[in-house]
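Undergrad: File follows, start.cif with mmCIF, N, CA and C atoms:
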data_protein
#
loop_
_atom_site.label_atom_id
_atom_site.label_comp_id
_atom_site.auth_asym_id
_atom_site.auth_seq_id
_atom_site.Cartn_x
_atom_site.Cartn_y
_atom_site.Cartn_z
N MET B 1 17.44 125.28 175.32
CA MET B 1 17.08 123.97 175.86
C MET B 1 15.94 124.21 176.84
N ILE B 2 15.00 123.31 176.83
CA ILE B 2 13.80 123.43 177.65
C ILE B 2 13.73 122.27 178.63
N GLY B 3 13.38 122.57 179.86
CA GLY B 3 13.11 121.55 180.86
C GLY B 3 11.76 121.82 181.49
N LEU B 4 10.81 120.93 181.29
CA LEU B 4 9.52 121.02 181.96
C LEU B 4 9.62 120.12 183.17
N LEU B 5 9.77 120.73 184.36
CA LEU B 5 10.01 119.91 185.54
C LEU B 5 8.76 119.79 186.38
N GLN B 6 8.58 118.61 186.92
CA GLN B 6 7.46 118.32 187.81
C GLN B 6 8.01 117.69 189.07
N ARG B 7 7.59 118.23 190.20
CA ARG B 7 7.93 117.61 191.48
C ARG B 7 7.01 116.41 191.62
N VAL B 8 7.59 115.23 191.83
CA VAL B 8 6.80 114.00 191.85
C VAL B 8 7.04 113.19 193.12
N SER B 9 6.02 112.42 193.48
CA SER B 9 6.18 111.42 194.54
C SER B 9 6.85 110.18 193.99
N ARG B 10 6.58 109.92 192.69
CA ARG B 10 7.23 108.83 191.97
C ARG B 10 6.95 109.03 190.49
N ALA B 11 7.82 108.46 189.66
CA ALA B 11 7.65 108.54 188.21
C ALA B 11 8.38 107.37 187.56
N ALA B 12 7.88 106.96 186.40
CA ALA B 12 8.48 105.83 185.69
C ALA B 12 8.25 105.98 184.19
N VAL B 13 9.14 105.37 183.42
CA VAL B 13 9.04 105.35 181.97
C VAL B 13 9.09 103.90 181.51
N ARG B 14 8.16 103.57 180.61
CA ARG B 14 8.14 102.24 180.00
C ARG B 14 8.24 102.36 178.49
N VAL B 15 8.92 101.39 177.89
CA VAL B 15 9.00 101.26 176.44
C VAL B 15 8.66 99.82 176.12
N ASP B 16 7.65 99.62 175.29
CA ASP B 16 7.20 98.26 174.93
C ASP B 16 6.91 97.42 176.16
N GLY B 17 6.31 98.03 177.19
CA GLY B 17 5.94 97.31 178.40
C GLY B 17 7.06 97.08 179.39
N GLU B 18 8.29 97.46 179.03
CA GLU B 18 9.45 97.26 179.90
C GLU B 18 9.83 98.57 180.58
N SER B 19 10.12 98.50 181.87
CA SER B 19 10.57 99.68 182.59
C SER B 19 11.99 100.04 182.14
N VAL B 20 12.18 101.31 181.75
CA VAL B 20 13.52 101.76 181.35
C VAL B 20 14.07 102.78 182.34
N GLY B 21 13.22 103.33 183.21
CA GLY B 21 13.68 104.29 184.20
C GLY B 21 12.59 104.59 185.21
N ALA B 22 12.97 104.74 186.46
CA ALA B 22 12.00 105.03 187.51
C ALA B 22 12.70 105.72 188.68
N ILE B 23 11.95 106.59 189.36
CA ILE B 23 12.45 107.24 190.57
C ILE B 23 11.33 107.26 191.61
N GLU B 24 11.72 107.44 192.83
CA GLU B 24 10.77 107.76 193.89
C GLU B 24 10.70 109.29 193.94
N ALA B 25 10.49 109.89 195.09
CA ALA B 25 10.32 111.33 195.20
C ALA B 25 11.49 112.09 194.56
N GLY B 26 11.14 113.11 193.79
CA GLY B 26 12.17 113.91 193.14
C GLY B 26 11.58 114.73 192.02
N LEU B 27 12.33 114.81 190.91
CA LEU B 27 11.90 115.59 189.75
C LEU B 27 11.82 114.73 188.50
N LEU B 28 10.70 114.83 187.82
CA LEU B 28 10.55 114.33 186.46
C LEU B 28 10.77 115.53 185.56
N VAL B 29 11.71 115.43 184.62
CA VAL B 29 12.00 116.55 183.73
C VAL B 29 11.89 116.08 182.29
N LEU B 30 10.94 116.68 181.57
CA LEU B 30 10.82 116.47 180.14
C LEU B 30 11.77 117.46 179.49
N VAL B 31 12.63 116.98 178.59
CA VAL B 31 13.71 117.79 178.03
C VAL B 31 13.52 117.97 176.53
N GLY B 32 13.48 119.23 176.10
CA GLY B 32 13.41 119.57 174.69
C GLY B 32 14.68 120.29 174.27
N VAL B 33 15.23 119.89 173.15
CA VAL B 33 16.45 120.52 172.63
C VAL B 33 16.08 121.35 171.41
N GLU B 34 16.53 122.61 171.43
CA GLU B 34 16.22 123.53 170.35
C GLU B 34 17.41 123.72 169.42
N ARG B 35 17.13 124.15 168.19
CA ARG B 35 18.18 124.49 167.24
C ARG B 35 19.11 125.51 167.87
N GLY B 36 20.39 125.32 167.74
CA GLY B 36 21.36 126.26 168.28
C GLY B 36 21.81 125.94 169.69
N ASP B 37 21.14 124.98 170.35
CA ASP B 37 21.57 124.59 171.70
C ASP B 37 22.94 123.93 171.64
N THR B 38 23.71 124.13 172.71
CA THR B 38 25.03 123.54 172.84
C THR B 38 25.17 122.97 174.25
N GLU B 39 26.34 122.47 174.54
CA GLU B 39 26.62 121.98 175.88
C GLU B 39 26.48 123.09 176.92
N ALA B 40 26.68 124.34 176.51
CA ALA B 40 26.53 125.47 177.44
C ALA B 40 25.09 125.57 177.94
N GLN B 41 24.12 125.41 177.04
CA GLN B 41 22.72 125.44 177.45
C GLN B 41 22.39 124.23 178.32
N ALA B 42 22.93 123.08 177.97
CA ALA B 42 22.68 121.87 178.76
C ALA B 42 23.24 122.02 180.17
N ASP B 43 24.44 122.58 180.28
CA ASP B 43 25.05 122.77 181.59
C ASP B 43 24.24 123.75 182.43
N ARG B 44 23.78 124.82 181.83
CA ARG B 44 22.98 125.80 182.57
C ARG B 44 21.65 125.20 183.01
N LEU B 45 21.04 124.39 182.15
CA LEU B 45 19.80 123.73 182.53
C LEU B 45 20.05 122.80 183.72
N LEU B 46 21.15 122.05 183.69
CA LEU B 46 21.48 121.17 184.83
C LEU B 46 21.65 121.96 186.12
N GLU B 47 22.37 123.08 186.04
CA GLU B 47 22.53 123.93 187.23
C GLU B 47 21.17 124.31 187.80
N ARG B 48 20.28 124.71 186.92
CA ARG B 48 18.96 125.14 187.37
C ARG B 48 18.16 123.97 187.93
N LEU B 49 18.24 122.80 187.30
CA LEU B 49 17.50 121.64 187.80
C LEU B 49 17.97 121.23 189.19
N PHE B 50 19.27 121.24 189.39
CA PHE B 50 19.81 120.84 190.69
C PHE B 50 19.55 121.88 191.77
N GLY B 51 19.51 123.15 191.39
CA GLY B 51 19.40 124.20 192.39
C GLY B 51 18.03 124.84 192.55
N TYR B 52 17.11 124.53 191.64
CA TYR B 52 15.79 125.16 191.67
C TYR B 52 15.04 124.72 192.92
N ARG B 53 14.57 125.68 193.68
CA ARG B 53 13.98 125.39 194.98
C ARG B 53 12.48 125.13 194.85
N VAL B 54 12.12 123.85 194.75
CA VAL B 54 10.72 123.46 194.57
C VAL B 54 10.22 122.49 195.65
N PHE B 55 11.09 122.17 196.61
CA PHE B 55 10.71 121.24 197.68
C PHE B 55 10.49 122.02 198.97
N GLY B 56 9.52 121.56 199.76
CA GLY B 56 9.15 122.26 200.97
C GLY B 56 10.14 122.09 202.11
N ASP B 57 10.31 123.18 202.87
CA ASP B 57 11.12 123.14 204.08
C ASP B 57 10.20 122.80 205.27
N ALA B 58 10.68 123.00 206.47
CA ALA B 58 9.90 122.68 207.67
C ALA B 58 8.59 123.47 207.73
N GLU B 59 8.57 124.66 207.13
CA GLU B 59 7.34 125.47 207.11
C GLU B 59 6.53 125.26 205.83
N ARG B 60 6.92 124.26 205.04
CA ARG B 60 6.24 123.91 203.79
C ARG B 60 6.41 124.97 202.70
N ARG B 61 7.44 125.79 202.83
CA ARG B 61 7.76 126.77 201.79
C ARG B 61 8.75 126.14 200.82
N MET B 62 8.64 126.50 199.56
CA MET B 62 9.54 125.96 198.55
C MET B 62 10.91 126.62 198.68
N ASN B 63 11.73 126.08 199.58
CA ASN B 63 13.06 126.62 199.84
C ASN B 63 14.17 125.61 199.64
N LEU B 64 13.83 124.38 199.27
CA LEU B 64 14.84 123.32 199.14
C LEU B 64 14.94 122.85 197.69
N SER B 65 16.16 122.53 197.30
CA SER B 65 16.42 122.05 195.93
C SER B 65 16.47 120.52 195.89
N LEU B 66 16.58 120.00 194.69
CA LEU B 66 16.74 118.56 194.49
C LEU B 66 17.96 118.05 195.24
N GLN B 67 19.06 118.79 195.16
CA GLN B 67 20.27 118.36 195.86
C GLN B 67 20.11 118.45 197.37
N ASP B 68 19.35 119.44 197.86
CA ASP B 68 19.11 119.56 199.29
C ASP B 68 18.37 118.35 199.85
N VAL B 69 17.39 117.85 199.08
CA VAL B 69 16.55 116.74 199.58
C VAL B 69 17.05 115.37 199.12
N GLY B 70 18.02 115.33 198.20
CA GLY B 70 18.54 114.05 197.73
C GLY B 70 17.54 113.25 196.93
N GLY B 71 16.65 113.94 196.21
CA GLY B 71 15.61 113.26 195.44
C GLY B 71 16.12 112.66 194.16
N GLY B 72 15.29 111.85 193.54
CA GLY B 72 15.61 111.24 192.25
C GLY B 72 15.41 112.23 191.12
N LEU B 73 16.08 111.98 190.00
CA LEU B 73 15.94 112.80 188.80
C LEU B 73 15.67 111.86 187.64
N LEU B 74 14.52 112.05 186.99
CA LEU B 74 14.15 111.27 185.81
C LEU B 74 14.11 112.21 184.62
N LEU B 75 15.06 112.04 183.69
CA LEU B 75 15.17 112.87 182.50
C LEU B 75 14.55 112.14 181.32
N VAL B 76 13.60 112.78 180.65
CA VAL B 76 12.88 112.16 179.54
C VAL B 76 12.96 113.07 178.32
N PRO B 77 13.54 112.59 177.21
CA PRO B 77 13.62 113.42 176.02
C PRO B 77 12.23 113.63 175.42
N GLN B 78 11.92 114.88 175.05
CA GLN B 78 10.62 115.18 174.45
C GLN B 78 10.76 116.34 173.48
N PHE B 79 11.00 116.01 172.22
CA PHE B 79 11.26 117.04 171.22
C PHE B 79 10.06 117.94 170.98
N THR B 80 8.85 117.49 171.30
CA THR B 80 7.67 118.31 171.06
C THR B 80 7.64 119.58 171.91
N LEU B 81 8.45 119.63 172.98
CA LEU B 81 8.52 120.85 173.78
C LEU B 81 9.06 122.03 172.98
N ALA B 82 9.83 121.76 171.97
CA ALA B 82 10.44 122.81 171.17
C ALA B 82 9.55 123.25 170.00
N ALA B 83 8.32 122.79 169.97
CA ALA B 83 7.42 123.12 168.87
C ALA B 83 7.01 124.59 168.90
N ASP B 84 6.76 125.13 167.72
CA ASP B 84 6.18 126.47 167.59
C ASP B 84 4.67 126.28 167.48
N THR B 85 3.94 126.77 168.46
CA THR B 85 2.49 126.58 168.51
C THR B 85 1.74 127.91 168.40
N ARG B 86 2.41 128.95 167.92
CA ARG B 86 1.82 130.28 167.92
C ARG B 86 0.68 130.46 166.93
N LYS B 87 0.62 129.68 165.88
CA LYS B 87 -0.47 129.87 164.93
C LYS B 87 -0.88 128.53 164.33
N GLY B 88 -2.07 128.54 163.76
CA GLY B 88 -2.58 127.35 163.10
C GLY B 88 -3.03 126.28 164.07
N MET B 89 -3.35 125.13 163.52
CA MET B 89 -3.87 124.02 164.31
C MET B 89 -2.94 122.82 164.30
N ARG B 90 -1.73 123.03 163.80
CA ARG B 90 -0.73 121.96 163.78
C ARG B 90 0.61 122.56 164.20
N PRO B 91 1.32 121.91 165.13
CA PRO B 91 2.59 122.47 165.57
C PRO B 91 3.65 122.38 164.49
N SER B 92 4.56 123.36 164.52
CA SER B 92 5.73 123.34 163.64
C SER B 92 6.93 122.94 164.49
N PHE B 93 7.74 122.04 163.97
CA PHE B 93 8.91 121.59 164.72
C PHE B 93 10.19 122.23 164.21
N THR B 94 10.07 123.31 163.45
CA THR B 94 11.24 124.04 162.95
C THR B 94 12.19 124.45 164.08
N PRO B 95 11.67 124.89 165.25
CA PRO B 95 12.60 125.30 166.32
C PRO B 95 13.36 124.14 166.98
N ALA B 96 12.91 122.92 166.77
CA ALA B 96 13.55 121.77 167.43
C ALA B 96 14.88 121.44 166.76
N ALA B 97 15.81 120.95 167.57
CA ALA B 97 17.11 120.52 167.04
C ALA B 97 16.92 119.29 166.15
N ALA B 98 17.83 119.11 165.22
CA ALA B 98 17.84 117.90 164.40
C ALA B 98 18.01 116.69 165.33
N PRO B 99 17.44 115.54 164.98
CA PRO B 99 17.50 114.37 165.87
C PRO B 99 18.90 114.03 166.36
N GLU B 100 19.91 114.09 165.49
CA GLU B 100 21.26 113.73 165.92
C GLU B 100 21.81 114.73 166.95
N ASP B 101 21.48 116.01 166.78
CA ASP B 101 21.90 117.01 167.77
C ASP B 101 21.13 116.85 169.07
N GLY B 102 19.84 116.56 168.96
CA GLY B 102 19.03 116.34 170.15
C GLY B 102 19.53 115.16 170.96
N ARG B 103 19.83 114.06 170.28
CA ARG B 103 20.34 112.88 170.98
C ARG B 103 21.68 113.17 171.64
N ARG B 104 22.58 113.83 170.92
CA ARG B 104 23.91 114.14 171.46
C ARG B 104 23.80 115.00 172.72
N LEU B 105 22.98 116.02 172.67
CA LEU B 105 22.86 116.91 173.83
C LEU B 105 22.09 116.27 174.97
N PHE B 106 21.09 115.45 174.67
CA PHE B 106 20.38 114.74 175.74
C PHE B 106 21.35 113.77 176.42
N ASP B 107 22.12 113.04 175.64
CA ASP B 107 23.11 112.11 176.22
C ASP B 107 24.14 112.86 177.06
N TRP B 108 24.58 114.02 176.60
CA TRP B 108 25.52 114.85 177.35
C TRP B 108 24.90 115.26 178.68
N LEU B 109 23.65 115.71 178.63
CA LEU B 109 22.94 116.12 179.84
C LEU B 109 22.87 114.98 180.84
N VAL B 110 22.52 113.80 180.38
CA VAL B 110 22.40 112.62 181.26
C VAL B 110 23.76 112.27 181.86
N GLU B 111 24.78 112.22 181.03
CA GLU B 111 26.12 111.86 181.50
C GLU B 111 26.59 112.82 182.60
N HIS B 112 26.41 114.10 182.37
CA HIS B 112 26.85 115.09 183.36
C HIS B 112 25.96 115.11 184.59
N ALA B 113 24.69 114.83 184.43
CA ALA B 113 23.80 114.73 185.60
C ALA B 113 24.26 113.59 186.50
N ARG B 114 24.63 112.47 185.89
CA ARG B 114 25.04 111.30 186.67
C ARG B 114 26.37 111.50 187.39
N THR B 115 27.21 112.40 186.90
CA THR B 115 28.46 112.67 187.62
C THR B 115 28.24 113.57 188.82
N ARG B 116 27.10 114.25 188.86
CA ARG B 116 26.84 115.22 189.94
C ARG B 116 25.74 114.81 190.90
N HIS B 117 24.97 113.77 190.56
CA HIS B 117 23.80 113.46 191.39
C HIS B 117 23.43 111.99 191.25
N LYS B 118 22.87 111.46 192.31
CA LYS B 118 22.34 110.09 192.31
C LYS B 118 21.01 110.11 193.05
N PRO B 119 19.99 109.43 192.67
CA PRO B 119 19.88 108.65 191.43
C PRO B 119 19.41 109.49 190.25
N VAL B 120 19.86 109.08 189.06
CA VAL B 120 19.41 109.67 187.80
C VAL B 120 18.93 108.52 186.92
N ALA B 121 17.69 108.64 186.46
CA ALA B 121 17.11 107.65 185.54
C ALA B 121 16.70 108.40 184.27
N THR B 122 16.45 107.66 183.18
CA THR B 122 16.12 108.32 181.92
C THR B 122 15.05 107.55 181.16
N GLY B 123 14.48 108.30 180.23
CA GLY B 123 13.68 107.69 179.19
C GLY B 123 14.60 107.26 178.07
N LEU B 124 14.03 106.89 176.94
CA LEU B 124 14.81 106.38 175.81
C LEU B 124 14.61 107.29 174.61
N PHE B 125 15.68 107.93 174.16
CA PHE B 125 15.61 108.88 173.07
C PHE B 125 15.02 108.21 171.82
N GLY B 126 14.04 108.87 171.21
CA GLY B 126 13.45 108.39 169.95
C GLY B 126 12.41 107.30 170.10
N ALA B 127 12.18 106.82 171.32
CA ALA B 127 11.22 105.72 171.52
C ALA B 127 9.83 106.27 171.81
N ASN B 128 8.84 105.44 171.57
CA ASN B 128 7.48 105.73 172.01
C ASN B 128 7.41 105.29 173.47
N MET B 129 7.34 106.27 174.35
CA MET B 129 7.42 106.00 175.80
C MET B 129 6.07 106.21 176.46
N GLN B 130 5.83 105.45 177.51
CA GLN B 130 4.70 105.69 178.38
C GLN B 130 5.29 106.21 179.69
N VAL B 131 4.93 107.44 180.04
CA VAL B 131 5.47 108.09 181.23
C VAL B 131 4.36 108.17 182.27
N GLU B 132 4.65 107.59 183.43
CA GLU B 132 3.70 107.63 184.54
C GLU B 132 4.30 108.49 185.64
N SER B 133 3.46 109.35 186.24
CA SER B 133 3.98 110.15 187.34
C SER B 133 2.86 110.49 188.31
N VAL B 134 3.26 110.70 189.55
CA VAL B 134 2.37 111.23 190.56
C VAL B 134 2.93 112.60 190.91
N ASN B 135 2.30 113.64 190.36
CA ASN B 135 2.75 115.01 190.54
C ASN B 135 2.44 115.42 191.96
N ASP B 136 3.45 115.87 192.67
CA ASP B 136 3.34 116.24 194.08
C ASP B 136 3.07 117.73 194.19
N GLY B 137 1.85 118.10 194.48
CA GLY B 137 1.50 119.50 194.66
C GLY B 137 0.14 119.86 194.08
N PRO B 138 -0.02 119.94 192.78
CA PRO B 138 0.99 119.78 191.72
C PRO B 138 1.96 120.96 191.67
N VAL B 139 3.19 120.63 191.33
CA VAL B 139 4.23 121.63 191.15
C VAL B 139 4.89 121.36 189.80
N THR B 140 4.73 122.30 188.88
CA THR B 140 5.28 122.16 187.53
C THR B 140 5.85 123.50 187.09
N PHE B 141 7.08 123.49 186.56
CA PHE B 141 7.72 124.71 186.08
C PHE B 141 8.35 124.49 184.71
N TRP B 142 8.29 125.52 183.89
CA TRP B 142 8.93 125.54 182.57
C TRP B 142 10.23 126.30 182.72
N LEU B 143 11.36 125.64 182.50
CA LEU B 143 12.66 126.30 182.51
C LEU B 143 13.21 126.30 181.10
N GLN B 144 13.65 127.46 180.66
CA GLN B 144 14.21 127.54 179.32
C GLN B 144 15.53 128.28 179.34
N VAL B 145 16.53 127.68 178.70
CA VAL B 145 17.82 128.30 178.50
C VAL B 145 17.91 128.53 177.01
N PRO B 146 17.73 129.79 176.56
CA PRO B 146 17.65 130.07 175.13
C PRO B 146 18.92 129.70 174.38
N PRO B 147 18.74 129.25 173.13
CA PRO B 147 19.93 128.98 172.31
C PRO B 147 20.66 130.28 172.01
N VAL B 148 21.93 130.13 171.66
CA VAL B 148 22.75 131.30 171.35
C VAL B 148 22.29 131.93 170.05
#
Can I see the file as structure tokens?

TA:
Amino acid sequence: MIGLLQRVSRAAVRVDGESVGAIEAGLLVLVGVERGDTEAQADRLLERLFGYRVFGDAERRMNLSLQDVGGGLLLVPQFTLAADTRKGMRPSFTPAAAPEDGRRLFDWLVEHARTRHKPVATGLFGANMQVESVNDGPVTFWLQVPPV
């Protein structure tokens, strides 16, 4: 499972001109589900998202986590993160989970995130989304929990 996280001042997702999710300061995380991923990978990714120290302390060092600062979490499904881009001029989506598995694990991730943190907002699985964000820093990290 892949999480591309960005520390943001604010972020929002729209579908067909309607807002479906928005946060103020916190993390925007684009989520890719790979073949072989299970709830174990989703749980480990959540642990890392909540505990990853990307927010500045009093000395402006990245020593604080999302839970430390009480920031928002915006989870956006993005299957293209699981693409194989190693050769050619067109990505291969062979490494990506099947849509039904991707939806199930993304929904699991969201449900468990909401039991552990507030606020949590989301994009819409399978929709054409417009994602707006103000990247704070910029600070962007690729987190990957490999499939079994």

Undergrad: From the set B:Gly88, B:Gly26, B:Gly72, B:Gly17, which residue has the shortest atom-to-atom contact distance to Val120 of chain B, counting only N, CA and C atoms?

TA: B:Gly72

Undergrad: Just how far from atom C of Phe106 of chain B is atom CA of Ser92 of chain B, in Å to one decimal?

TA: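 So the answer is 22.3 Å.
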
Undergrad: Draw an axis-aligned box over all listed atoms of segment 91-104 of chain B, pad each side with 8 Å, and write its centre and edge lengths in Å, one decimal, as lines of an AutoDock Vina configuration file.

TA:
center_x = 12.6
center_y = 119.1
center_z = 167.8
size_x = 38.6
size_y = 28.4
size_z = 25.8

Undergrad: Excluding Ile23 of chain B and residues on its chain fewer than 3 positions from it, collect all residues at most 8 Å away from it, counting only N, CA and C atoms, and give them as a list in words.

TA: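 Surrounding residues, per the criterion: Val8, Ser9, Arg10, Ala11, Ala12, Val13, Gly26, Leu27, Gly71, Gly72, Leu73, Leu74, Pro119, Val120, Ala121 and Thr122 of chain B.
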
Undergrad: Take the selection from the previous step and output its residues with N, CA and C atoms, as a CSV table (one decimal), keeping the file's coordinate frame.

TA:
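Final file, result_37.csv:
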chain,number,residue,atom,x,y,z
B,8,VAL,N,7.6,115.2,191.8
B,8,VAL,CA,6.8,114.0,191.8
B,8,VAL,C,7.0,113.2,193.1
B,9,SER,N,6.0,112.4,193.5
B,9,SER,CA,6.2,111.4,194.5
B,9,SER,C,6.8,110.2,194.0
B,10,ARG,N,6.6,109.9,192.7
B,10,ARG,CA,7.2,108.8,192.0
B,10,ARG,C,7.0,109.0,190.5
B,11,ALA,N,7.8,108.5,189.7
B,11,ALA,CA,7.6,108.5,188.2
B,11,ALA,C,8.4,107.4,187.6
B,12,ALA,N,7.9,107.0,186.4
B,12,ALA,CA,8.5,105.8,185.7
B,12,ALA,C,8.2,106.0,184.2
B,13,VAL,N,9.1,105.4,183.4
B,13,VAL,CA,9.0,105.4,182.0
B,13,VAL,C,9.1,103.9,181.5
B,26,GLY,N,11.1,113.1,193.8
B,26,GLY,CA,12.2,113.9,193.1
B,26,GLY,C,11.6,114.7,192.0
B,27,LEU,N,12.3,114.8,190.9
B,27,LEU,CA,11.9,115.6,189.8
B,27,LEU,C,11.8,114.7,188.5
B,71,GLY,N,16.6,113.9,196.2
B,71,GLY,CA,15.6,113.3,195.4
B,71,GLY,C,16.1,112.7,194.2
B,72,GLY,N,15.3,111.8,193.5
B,72,GLY,CA,15.6,111.2,192.2
B,72,GLY,C,15.4,112.2,191.1
B,73,LEU,N,16.1,112.0,190.0
B,73,LEU,CA,15.9,112.8,188.8
B,73,LEU,C,15.7,111.9,187.6
B,74,LEU,N,14.5,112.0,187.0
B,74,LEU,CA,14.2,111.3,185.8
B,74,LEU,C,14.1,112.2,184.6
B,119,PRO,N,20.0,109.4,192.7
B,119,PRO,CA,19.9,108.6,191.4
B,119,PRO,C,19.4,109.5,190.2
B,120,VAL,N,19.9,109.1,189.1
B,120,VAL,CA,19.4,109.7,187.8
B,120,VAL,C,18.9,108.5,186.9
B,121,ALA,N,17.7,108.6,186.5
B,121,ALA,CA,17.1,107.6,185.5
B,121,ALA,C,16.7,108.4,184.3
B,122,THR,N,16.4,107.7,183.2
B,122,THR,CA,16.1,108.3,181.9
B,122,THR,C,15.0,107.6,181.2

Undergrad: Within 8 Å of Thr80 of chain B, counting all atoms listed in the file, which residues qualify if same-chain residues fewer than 3 places away don't, as a list of chain:residue names?

TA: B:Val31, B:Gly32, B:Val33, B:Pro77, B:Ala83, B:Asp84, B:Phe93, B:Ala96

Undergrad: Please tell me which residues are no farther than 6.5 Å from (3.5, 114.0, 188.0) in the file, counting only N, CA and C atoms, and write them as a list in words.

TA: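 The distance filter leaves exactly Gln6, Arg7, Val8, Ser9, Glu132, Ser133, Val134, Asn135 and Asp136 of chain B.
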
Undergrad: So which bits of chain B end up strand (DSSP E or B) when you DSSP the backbone, as a ChimeraX atom specification?

TA: /B:2-15,18-23,26-32,34,55-56,62-64,72-77,84,92,96,120-122,130-144

Undergrad: Hey, what comes out of the PyMOL selection byres (((chain B and resi 40-51 and name CA) around 10) and name CA) on this file? Could you write it as an MDAnalysis selection string?

TA: chainID B and resid 1:5 27 29 31 33:34 36:39 52:54 64:68 70:71 73 105:106 108:110 112:113 116:117 143:148

Undergrad: To one decimal place in Å, what is the distance between atom CA of Gly56 of chain B and atom CA of Leu30 of chain B?

TA: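 Atom CA of Leu30 of chain B lies 21.7 Å from atom CA of Gly56 of chain B.
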
Undergrad: Could you check how far atom N of Val15 of chain B sits from atom N of Leu75 of chain B, in Å to one decimal?

TA: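 Separation between atom N of Val15 of chain B and atom N of Leu75 of chain B: 13.6 Å.
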
Undergrad: List every residue of chain B that DSSP, applied to the backbone, labels as alpha helix (DSSP H), and write the result as a PyMOL selection string.

TA: chain B and resi 39-51+66-69+99-116

Undergrad: Any chance you can output those residues with N, CA and C atoms as a short mmCIF file (atom, residue, chain, number, x, y, z; two decimals), in the frame of the given file?

TA:
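Writing done, so here's again26.cif:
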data_model
loop_
_atom_site.label_atom_id
_atom_site.label_comp_id
_atom_site.auth_asym_id
_atom_site.auth_seq_id
_atom_site.Cartn_x
_atom_site.Cartn_y
_atom_site.Cartn_z
N GLU B 39 26.34 122.47 174.54
CA GLU B 39 26.62 121.98 175.88
C GLU B 39 26.48 123.09 176.92
N ALA B 40 26.68 124.34 176.51
CA ALA B 40 26.53 125.47 177.44
C ALA B 40 25.09 125.57 177.94
N GLN B 41 24.12 125.41 177.04
CA GLN B 41 22.72 125.44 177.45
C GLN B 41 22.39 124.23 178.32
N ALA B 42 22.93 123.08 177.97
CA ALA B 42 22.68 121.87 178.76
C ALA B 42 23.24 122.02 180.17
N ASP B 43 24.44 122.58 180.28
CA ASP B 43 25.05 122.77 181.59
C ASP B 43 24.24 123.75 182.43
N ARG B 44 23.78 124.82 181.83
CA ARG B 44 22.98 125.80 182.57
C ARG B 44 21.65 125.20 183.01
N LEU B 45 21.04 124.39 182.15
CA LEU B 45 19.80 123.73 182.53
C LEU B 45 20.05 122.80 183.72
N LEU B 46 21.15 122.05 183.69
CA LEU B 46 21.48 121.17 184.83
C LEU B 46 21.65 121.96 186.12
N GLU B 47 22.37 123.08 186.04
CA GLU B 47 22.53 123.93 187.23
C GLU B 47 21.17 124.31 187.80
N ARG B 48 20.28 124.71 186.92
CA ARG B 48 18.96 125.14 187.37
C ARG B 48 18.16 123.97 187.93
N LEU B 49 18.24 122.80 187.30
CA LEU B 49 17.50 121.64 187.80
C LEU B 49 17.97 121.23 189.19
N PHE B 50 19.27 121.24 189.39
CA PHE B 50 19.81 120.84 190.69
C PHE B 50 19.55 121.88 191.77
N GLY B 51 19.51 123.15 191.39
CA GLY B 51 19.40 124.20 192.39
C GLY B 51 18.03 124.84 192.55
N LEU B 66 16.58 120.00 194.69
CA LEU B 66 16.74 118.56 194.49
C LEU B 66 17.96 118.05 195.24
N GLN B 67 19.06 118.79 195.16
CA GLN B 67 20.27 118.36 195.86
C GLN B 67 20.11 118.45 197.37
N ASP B 68 19.35 119.44 197.86
CA ASP B 68 19.11 119.56 199.29
C ASP B 68 18.37 118.35 199.85
N VAL B 69 17.39 117.85 199.08
CA VAL B 69 16.55 116.74 199.58
C VAL B 69 17.05 115.37 199.12
N PRO B 99 17.44 115.54 164.98
CA PRO B 99 17.50 114.37 165.87
C PRO B 99 18.90 114.03 166.36
N GLU B 100 19.91 114.09 165.49
CA GLU B 100 21.26 113.73 165.92
C GLU B 100 21.81 114.73 166.95
N ASP B 101 21.48 116.01 166.78
CA ASP B 101 21.90 117.01 167.77
C ASP B 101 21.13 116.85 169.07
N GLY B 102 19.84 116.56 168.96
CA GLY B 102 19.03 116.34 170.15
C GLY B 102 19.53 115.16 170.96
N ARG B 103 19.83 114.06 170.28
CA ARG B 103 20.34 112.88 170.98
C ARG B 103 21.68 113.17 171.64
N ARG B 104 22.58 113.83 170.92
CA ARG B 104 23.91 114.14 171.46
C ARG B 104 23.80 115.00 172.72
N LEU B 105 22.98 116.02 172.67
CA LEU B 105 22.86 116.91 173.83
C LEU B 105 22.09 116.27 174.97
N PHE B 106 21.09 115.45 174.67
CA PHE B 106 20.38 114.74 175.74
C PHE B 106 21.35 113.77 176.42
N ASP B 107 22.12 113.04 175.64
CA ASP B 107 23.11 112.11 176.22
C ASP B 107 24.14 112.86 177.06
N TRP B 108 24.58 114.02 176.60
CA TRP B 108 25.52 114.85 177.35
C TRP B 108 24.90 115.26 178.68
N LEU B 109 23.65 115.71 178.63
CA LEU B 109 22.94 116.12 179.84
C LEU B 109 22.87 114.98 180.84
N VAL B 110 22.52 113.80 180.38
CA VAL B 110 22.40 112.62 181.26
C VAL B 110 23.76 112.27 181.86
N GLU B 111 24.78 112.22 181.03
CA GLU B 111 26.12 111.86 181.50
C GLU B 111 26.59 112.82 182.60
N HIS B 112 26.41 114.10 182.37
CA HIS B 112 26.85 115.09 183.36
C HIS B 112 25.96 115.11 184.59
N ALA B 113 24.69 114.83 184.43
CA ALA B 113 23.80 114.73 185.60
C ALA B 113 24.26 113.59 186.50
N ARG B 114 24.63 112.47 185.89
CA ARG B 114 25.04 111.30 186.67
C ARG B 114 26.37 111.50 187.39
N THR B 115 27.21 112.40 186.90
CA THR B 115 28.46 112.67 187.62
C THR B 115 28.24 113.57 188.82
N ARG B 116 27.10 114.25 188.86
CA ARG B 116 26.84 115.22 189.94
C ARG B 116 25.74 114.81 190.90
#

Undergrad: Which residue gives the smallest distance to Arg103 of chain B among B:Asn63, B:Gln130, B:Thr140, B:Gln78, with only C-alpha atoms counted?

TA: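 Looking only at the distances to Arg103 of chain B, the closest residue turns out to be B:Gln78.
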
Undergrad: Would you be able to write out as a ChimeraX atom specification which residues have an atom within 12 Å of (8.1, 105.6, 172.1) in the file's coordinates, counting only C-alpha atoms?

TA: /B:13-18,20,76-79,123-131
